[in-house]
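Here the structure comes first, spelled out in structure tokens, and everything after it is commentary.
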Amino acid sequence: MNINNSGKILIVDDDPGVRSSLHLFLEDNQYEVFEAVDGNSGLAMFRLEKPDVLILDLRMPQTDGLEVLRQVTVEDPDLPVIVLSGAGVMNDAVSALRLGAWDFLQKPIEDLSVIHHTINKALEKVRLIQENRKYQTHLEEEVKKRTQELRLMNEELEKRVSDRTTELQRINAELIKAKEAADEAAKAKSIFLANMSHEIRTPLNGVIGMIDLLNDTKLTQEQAEFTQLIHSSAESLLVVVNDILDFSKIESGKLVLESIHFDLRVTLEMLSDIMALKAKEKGVEFTCLINENVPTLLNGDPGKLRQILTNLAGNAVKFVEKGDVSICVSVKEEHDDLIKLLFEIHDTGIGIPKNSLDSLFQSFSQVDASTSRKYGGTGLGLVISKQIVENMGGEIGVESELDKGSTFWFTVCLKKQKKSKTDSVDVPATIKGTRILVVDDNPLNRLIVTNFFHSWECFYGEADSGQQALSMLINAKEAGQPFQILMTEMQLPDMTGAALGEKIMSHEKLRDCILIMLTSIGQRGDASRISSLGFSGFLSKPVKKDHLLNCIKTVLTTPACPGKPTPKTFVTKYTIEENIQTDLRHEHQLKILLVEDNMVNQKVAKTMLKKSGHSVEIANNGKEAVELFLKQTFDLILMD
Ligand code: ADP
């Protein structure tokens, strides 16, 4: 369709002149033209012919143009309506434009080309509107299509997410099941290990106990050597089994801590006895210092504490070839009822390379295979120690330098026993104010004993050589404040302790000084030699506090005669222990009920208890124990 020259035009006008002039002009311009003489026939023609443009007169009889316009815009809102109005009816034109008329022309139309132009513009606008509408419809369809596609994609995605979630939930459930099964298996394994270790430990303890009993019988030297070897092999096996037992207990969460009263000093002294013996075999010096302000009457688990210390100090002794090993205890934090103690275990041993330090506290970790072959061990000691330390509210760590040595340290929290500031031993009045000179070139050794002297309110001096000791003794004597006791180490830098003793005994002014030998290198037979030199006491390091107190008390009350051997009053570890044992035996002869099903252990325990002066009844099981308990009175029941 040529828009310029074709299209249907409907002219509605009551004026025949206008109609015919327009009709002719438009037909000449290729339009198809219809006419209507009034509003009503105009509306009918509009409905019938569906014109492209309506030319509408506003003022007509009966139905006027505005009414027609109102009707037409309702029925075909896109139809361009050009209104014709006479002069002076401008208001009608404004109303028509408001109702939706496209344009208006004023009659009489002098230049008909104006109407031609207006019609063209109107048709162009209709075309644009229709194209726009088409385009909009197309767009809407596209949007609808895209929306539909997106909805499908969304549904697909949601389905995939839901499938994946279900799959993950399934995998998760399977994993939880597998983990539970693994936990169960690990638990079963730990329980089995714990049971097995227990089963092995019982006969092993029997072996060790029986060897101890055998050792107390008359043996040839060869037999004694054999029993010694059996003993040390059994002890090593026991350490391994104990490690495994502890490790499996910790793994299965069965590590339970005791809460009992104990004396830290006693715990450490017992441990030091064993460690010093091992150290001495290697020619290594072992010292243990409890700082003066450490309260020693505590409450906690002494067995577990000893276990950590045995492991760390045992390692220190194991990995040291020469030099020394020391344990030092100090206060880290102190509160009203609680105390946090710091234990430092120092050695001058092989040290640990920096890159191995991190893995040291992990299970089965040993610094290198050749080390473990040479020194032995399970690689569990440090892991167990770490677990126990953490259970006791502390931390553990190490500083080490290769070929120089290591310092393992740990802290633990313990309860203080009520009314115990530091350990209180009843100090005999005779000891208070005693003047003692300590001679030792190792400052730590001097510190250990001077700490004791300080707590007993003694006066003390320190010398690090024989010469210094001699001049201090002479100076003190001349000043009228002589030292009553000289306590010396055997090995001094400039002379032996024995030679120093001899010099003192042969010195006119000094011979009334009481001499005590306190040595770390004592050998069998030393005691009698020392005694013959005029010494009154002979003790080996590490010395127990109450042993030293007992020794000083004894030598003060029964001094040796200068120059003459006095074996009866000569004080040694054995005379002190015998005194203590005799006291105990007199005080505590107990009637004991031993409940134990293992025959070997029965035999070991019974023999040992009888040796200590107690009487023993044996029950093989709980039932027998109850029956015996109901029939007889016991002071103590020992029960497996
Ligand atoms: P083990 O029973 O093998 O001694 P531990 O857990 O007690 O097991 O020690 C693990 C490893 O740590 C040891 O094998 C050793 O390599 C190293 N180690 C521990 N203590 C020391 C030490 N004082 N000096 C040097 N190396 C040490």
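How things are named: the first chain in the structure tokens is A, the next is B, and so on; residues count from 1 in each chain; ligands count from 1 in the order shown.
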task = Can you pull out every residue within 7 Å of Pro482 in chain A, counting only C-alpha atoms, but drop anything in the same chain fewer than 3 positions away, and send it as a list in words?
result =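 After dropping sequence-adjacent residues, the list is Leu473, Ala476 and Lys477 of chain A.
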inquiry  = as a ChimeraX atom specification, please: every residue in range 372-502 of chain A that a backbone DSSP assignment puts in strand (DSSP E or B).
reply    = /A:396-401,405-416,435-439,459-463,485-488,491,496
Please produce a file of those selected residues containing N, CA, C and O atoms, as a compact mmCIF listing (two decimals), in the first residue's frame.
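File produced: selection_25.txt:
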# COMPACT_ATOMS: atom_id res chain seq x y z
N ILE A 396 54.53 -28.28 77.98
CA ILE A 396 55.84 -28.94 77.94
C ILE A 396 56.60 -28.40 76.74
O ILE A 396 55.99 -28.00 75.75
N GLY A 397 57.92 -28.34 76.84
CA GLY A 397 58.70 -27.83 75.71
C GLY A 397 60.16 -28.20 75.87
O GLY A 397 60.55 -28.85 76.84
N VAL A 398 60.94 -27.80 74.88
CA VAL A 398 62.36 -28.15 74.91
C VAL A 398 63.19 -27.07 74.22
O VAL A 398 62.73 -26.43 73.28
N GLU A 399 64.37 -26.83 74.76
CA GLU A 399 65.37 -26.03 74.07
C GLU A 399 66.60 -26.92 73.94
O GLU A 399 66.96 -27.59 74.91
N SER A 400 67.17 -26.94 72.75
CA SER A 400 68.28 -27.87 72.58
C SER A 400 69.25 -27.38 71.53
O SER A 400 68.87 -26.66 70.60
N GLU A 401 70.51 -27.74 71.71
CA GLU A 401 71.52 -27.40 70.71
C GLU A 401 72.32 -28.67 70.44
O GLU A 401 72.77 -29.33 71.40
N GLY A 405 73.62 -30.07 74.24
CA GLY A 405 72.72 -30.55 75.29
C GLY A 405 71.30 -30.03 75.13
O GLY A 405 71.01 -29.27 74.20
N SER A 406 70.44 -30.45 76.02
CA SER A 406 69.02 -30.10 75.92
C SER A 406 68.49 -29.70 77.28
O SER A 406 68.97 -30.17 78.31
N THR A 407 67.47 -28.84 77.25
CA THR A 407 66.71 -28.58 78.47
C THR A 407 65.24 -28.83 78.16
O THR A 407 64.63 -28.09 77.39
N PHE A 408 64.73 -29.92 78.68
CA PHE A 408 63.29 -30.17 78.58
C PHE A 408 62.65 -29.50 79.79
O PHE A 408 63.21 -29.53 80.88
N TRP A 409 61.50 -28.85 79.57
CA TRP A 409 60.84 -28.20 80.71
C TRP A 409 59.34 -28.51 80.65
O TRP A 409 58.81 -28.80 79.58
N PHE A 410 58.71 -28.48 81.79
CA PHE A 410 57.25 -28.59 81.81
C PHE A 410 56.69 -27.90 83.05
O PHE A 410 57.41 -27.69 84.03
N THR A 411 55.43 -27.50 82.94
CA THR A 411 54.77 -26.92 84.12
C THR A 411 53.59 -27.81 84.47
O THR A 411 53.02 -28.46 83.59
N VAL A 412 53.24 -27.85 85.75
CA VAL A 412 52.01 -28.55 86.16
C VAL A 412 51.35 -27.75 87.28
O VAL A 412 52.03 -27.05 88.03
N CYS A 413 50.03 -27.86 87.35
CA CYS A 413 49.30 -27.19 88.43
C CYS A 413 49.00 -28.22 89.51
O CYS A 413 48.52 -29.32 89.21
N LEU A 414 49.27 -27.87 90.74
CA LEU A 414 49.02 -28.79 91.86
C LEU A 414 48.33 -28.01 92.96
O LEU A 414 48.45 -26.77 93.04
N LYS A 415 47.63 -28.75 93.83
CA LYS A 415 47.01 -28.08 94.97
C LYS A 415 48.01 -28.04 96.11
O LYS A 415 48.82 -28.96 96.25
N LYS A 416 47.94 -26.98 96.92
CA LYS A 416 48.82 -26.94 98.10
C LYS A 416 48.07 -27.59 99.25
O LYS A 416 46.86 -27.38 99.40
N ARG A 435 77.69 -23.89 112.51
CA ARG A 435 78.47 -23.23 111.46
C ARG A 435 79.08 -24.31 110.56
O ARG A 435 79.83 -25.17 111.01
N ILE A 436 78.71 -24.27 109.31
CA ILE A 436 79.13 -25.34 108.38
C ILE A 436 79.83 -24.73 107.16
O ILE A 436 79.36 -23.73 106.61
N LEU A 437 80.94 -25.34 106.76
CA LEU A 437 81.61 -24.90 105.53
C LEU A 437 81.42 -25.99 104.47
O LEU A 437 81.73 -27.16 104.69
N VAL A 438 80.89 -25.57 103.30
CA VAL A 438 80.66 -26.51 102.20
C VAL A 438 81.77 -26.34 101.17
O VAL A 438 82.03 -25.21 100.73
N VAL A 439 82.39 -27.44 100.79
CA VAL A 439 83.46 -27.35 99.80
C VAL A 439 83.08 -28.18 98.58
O VAL A 439 82.94 -29.40 98.66
N PHE A 459 74.51 -21.34 110.04
CA PHE A 459 75.39 -20.39 109.34
C PHE A 459 76.24 -21.21 108.41
O PHE A 459 76.69 -22.29 108.78
N TYR A 460 76.49 -20.70 107.23
CA TYR A 460 77.31 -21.52 106.33
C TYR A 460 78.24 -20.66 105.49
O TYR A 460 77.99 -19.47 105.27
N GLY A 461 79.34 -21.30 105.10
CA GLY A 461 80.27 -20.66 104.17
C GLY A 461 80.45 -21.58 102.99
O GLY A 461 80.13 -22.77 103.06
N GLU A 462 80.98 -21.03 101.89
CA GLU A 462 81.16 -21.85 100.69
C GLU A 462 82.57 -21.69 100.16
O GLU A 462 83.08 -20.56 100.07
N ALA A 463 83.20 -22.80 99.80
CA ALA A 463 84.52 -22.75 99.18
C ALA A 463 84.50 -23.64 97.96
O ALA A 463 83.83 -24.67 97.96
N ILE A 485 81.55 -27.81 111.34
CA ILE A 485 81.50 -28.93 110.39
C ILE A 485 82.06 -28.49 109.04
O ILE A 485 81.78 -27.37 108.59
N LEU A 486 82.84 -29.37 108.45
CA LEU A 486 83.26 -29.14 107.07
C LEU A 486 82.68 -30.27 106.23
O LEU A 486 82.82 -31.45 106.57
N MET A 487 81.99 -29.88 105.20
CA MET A 487 81.38 -30.90 104.36
C MET A 487 82.00 -30.79 102.97
O MET A 487 81.86 -29.75 102.30
N THR A 488 82.70 -31.82 102.53
CA THR A 488 83.44 -31.67 101.27
C THR A 488 83.09 -32.73 100.24
O THR A 488 82.73 -33.86 100.56
N GLN A 491 86.03 -34.95 94.89
CA GLN A 491 86.90 -34.43 93.84
C GLN A 491 86.89 -32.91 93.82
O GLN A 491 85.89 -32.30 93.43
N THR A 496 92.14 -33.83 96.64
CA THR A 496 90.95 -34.64 96.89
C THR A 496 90.35 -34.21 98.22
O THR A 496 91.04 -33.61 99.08
Best match for closeness to ligand 1 among A:Val240, A:Ala499, A:Leu638, A:Leu297, counting only C-alpha atoms and all ligand atoms = A:Val240
query = What lies within 7 Å of Glu489 in chain A using only C-alpha atoms, ignoring chain neighbours under 3 positions off, as JSON, numbers by chain?
reply = {"A": [439, 440, 492, 497, 517, 518, 519]}
Take the residues from that selection and write them out as a PDB file, in the first residue's frame, keeping all heavy atoms.
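Produced file part-v4.pdb, reproduced below:
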ATOM      1  N   VAL A 439      82.390 -27.445 100.792  1.00  0.00           N
ATOM      2  CA  VAL A 439      83.460 -27.345  99.798  1.00  0.00           C
ATOM      3  C   VAL A 439      83.076 -28.181  98.577  1.00  0.00           C
ATOM      4  O   VAL A 439      82.936 -29.399  98.664  1.00  0.00           O
ATOM      5  CB  VAL A 439      84.804 -27.881 100.368  1.00  0.00           C
ATOM      6  CG1 VAL A 439      85.968 -27.411  99.490  1.00  0.00           C
ATOM      7  CG2 VAL A 439      85.001 -27.453 101.800  1.00  0.00           C
ATOM      8  N   ASP A 440      82.856 -27.484  97.487  1.00  0.00           N
ATOM      9  CA  ASP A 440      82.475 -28.162  96.237  1.00  0.00           C
ATOM     10  C   ASP A 440      82.717 -27.179  95.108  1.00  0.00           C
ATOM     11  O   ASP A 440      82.393 -25.988  95.249  1.00  0.00           O
ATOM     12  CB  ASP A 440      80.976 -28.550  96.287  1.00  0.00           C
ATOM     13  CG  ASP A 440      80.633 -29.613  95.256  1.00  0.00           C
ATOM     14  OD1 ASP A 440      81.112 -29.509  94.119  1.00  0.00           O
ATOM     15  OD2 ASP A 440      79.881 -30.547  95.618  1.00  0.00           O
ATOM     16  N   LEU A 492      88.019 -32.314  94.224  1.00  0.00           N
ATOM     17  CA  LEU A 492      88.137 -30.854  94.195  1.00  0.00           C
ATOM     18  C   LEU A 492      89.176 -30.509  93.131  1.00  0.00           C
ATOM     19  O   LEU A 492      90.000 -31.350  92.769  1.00  0.00           O
ATOM     20  CB  LEU A 492      88.577 -30.351  95.565  1.00  0.00           C
ATOM     21  CG  LEU A 492      87.600 -30.672  96.710  1.00  0.00           C
ATOM     22  CD1 LEU A 492      88.202 -30.265  98.045  1.00  0.00           C
ATOM     23  CD2 LEU A 492      86.265 -29.969  96.491  1.00  0.00           C
ATOM     24  N   GLY A 497      89.073 -34.525  98.396  1.00  0.00           N
ATOM     25  CA  GLY A 497      88.423 -34.220  99.672  1.00  0.00           C
ATOM     26  C   GLY A 497      89.111 -34.968 100.806  1.00  0.00           C
ATOM     27  O   GLY A 497      89.214 -34.465 101.936  1.00  0.00           O
ATOM     28  N   MET A 517      82.043 -36.325 104.382  1.00  0.00           N
ATOM     29  CA  MET A 517      82.299 -36.442 102.942  1.00  0.00           C
ATOM     30  C   MET A 517      80.942 -36.574 102.239  1.00  0.00           C
ATOM     31  O   MET A 517      80.134 -37.429 102.596  1.00  0.00           O
ATOM     32  CB  MET A 517      83.158 -37.698 102.686  1.00  0.00           C
ATOM     33  CG  MET A 517      83.476 -37.951 101.237  1.00  0.00           C
ATOM     34  SD  MET A 517      84.575 -36.737 100.529  1.00  0.00           S
ATOM     35  CE  MET A 517      86.147 -37.308 101.155  1.00  0.00           C
ATOM     36  N   LEU A 518      80.727 -35.690 101.272  1.00  0.00           N
ATOM     37  CA  LEU A 518      79.479 -35.772 100.488  1.00  0.00           C
ATOM     38  C   LEU A 518      79.904 -35.883  99.031  1.00  0.00           C
ATOM     39  O   LEU A 518      80.326 -34.901  98.427  1.00  0.00           O
ATOM     40  CB  LEU A 518      78.642 -34.504 100.704  1.00  0.00           C
ATOM     41  CG  LEU A 518      77.328 -34.446  99.955  1.00  0.00           C
ATOM     42  CD1 LEU A 518      76.399 -35.560 100.379  1.00  0.00           C
ATOM     43  CD2 LEU A 518      76.649 -33.105 100.184  1.00  0.00           C
ATOM     44  N   THR A 519      79.821 -37.086  98.477  1.00  0.00           N
ATOM     45  CA  THR A 519      80.447 -37.255  97.164  1.00  0.00           C
ATOM     46  C   THR A 519      79.514 -37.850  96.124  1.00  0.00           C
ATOM     47  O   THR A 519      78.537 -38.518  96.462  1.00  0.00           O
ATOM     48  CB  THR A 519      81.694 -38.150  97.296  1.00  0.00           C
ATOM     49  OG1 THR A 519      82.309 -38.258  96.036  1.00  0.00           O
ATOM     50  CG2 THR A 519      81.336 -39.532  97.802  1.00  0.00           C
TER      51      THR A 519
END
query = Leaving out Ile230 in chain A and any residue of its chain fewer than 4 positions from it, which residues lie within 9 Å of it when counting only C-alpha atoms, given as a ChimeraX atom specification?
reply = /A:207-208,211,225-226,234-235
task = Rank A:Ile637, A:Leu24, A:Ile504, A:Ala316 by their smallest atom-to-atom distance to ligand 1, using only C-alpha atoms and all ligand atoms, and report the top residue only.
result = A:Ala316
Near Arg70 in chain A, within 10 Å and counting only C-alpha atoms, which residues show up once chain neighbours fewer than 5 positions away are dropped, as a PDB file with C-alpha atoms, in the first residue's frame?
ATOM      1  CA  GLY A  65     -18.516  15.721  16.202  1.00  0.00           C
ATOM      2  CA  GLU A  75     -13.682   1.556  19.360  1.00  0.00           C
ATOM      3  CA  PRO A  77      -7.973   4.239  19.635  1.00  0.00           C
ATOM      4  CA  ALA A  96     -11.396  17.414  20.628  1.00  0.00           C
ATOM      5  CA  LEU A  99     -10.461  13.480  23.640  1.00  0.00           C
ATOM      6  CA  GLY A 100      -7.713  12.056  21.396  1.00  0.00           C
ATOM      7  CA  ALA A 101      -8.040  13.898  18.063  1.00  0.00           C
TER       8      ALA A 101
END
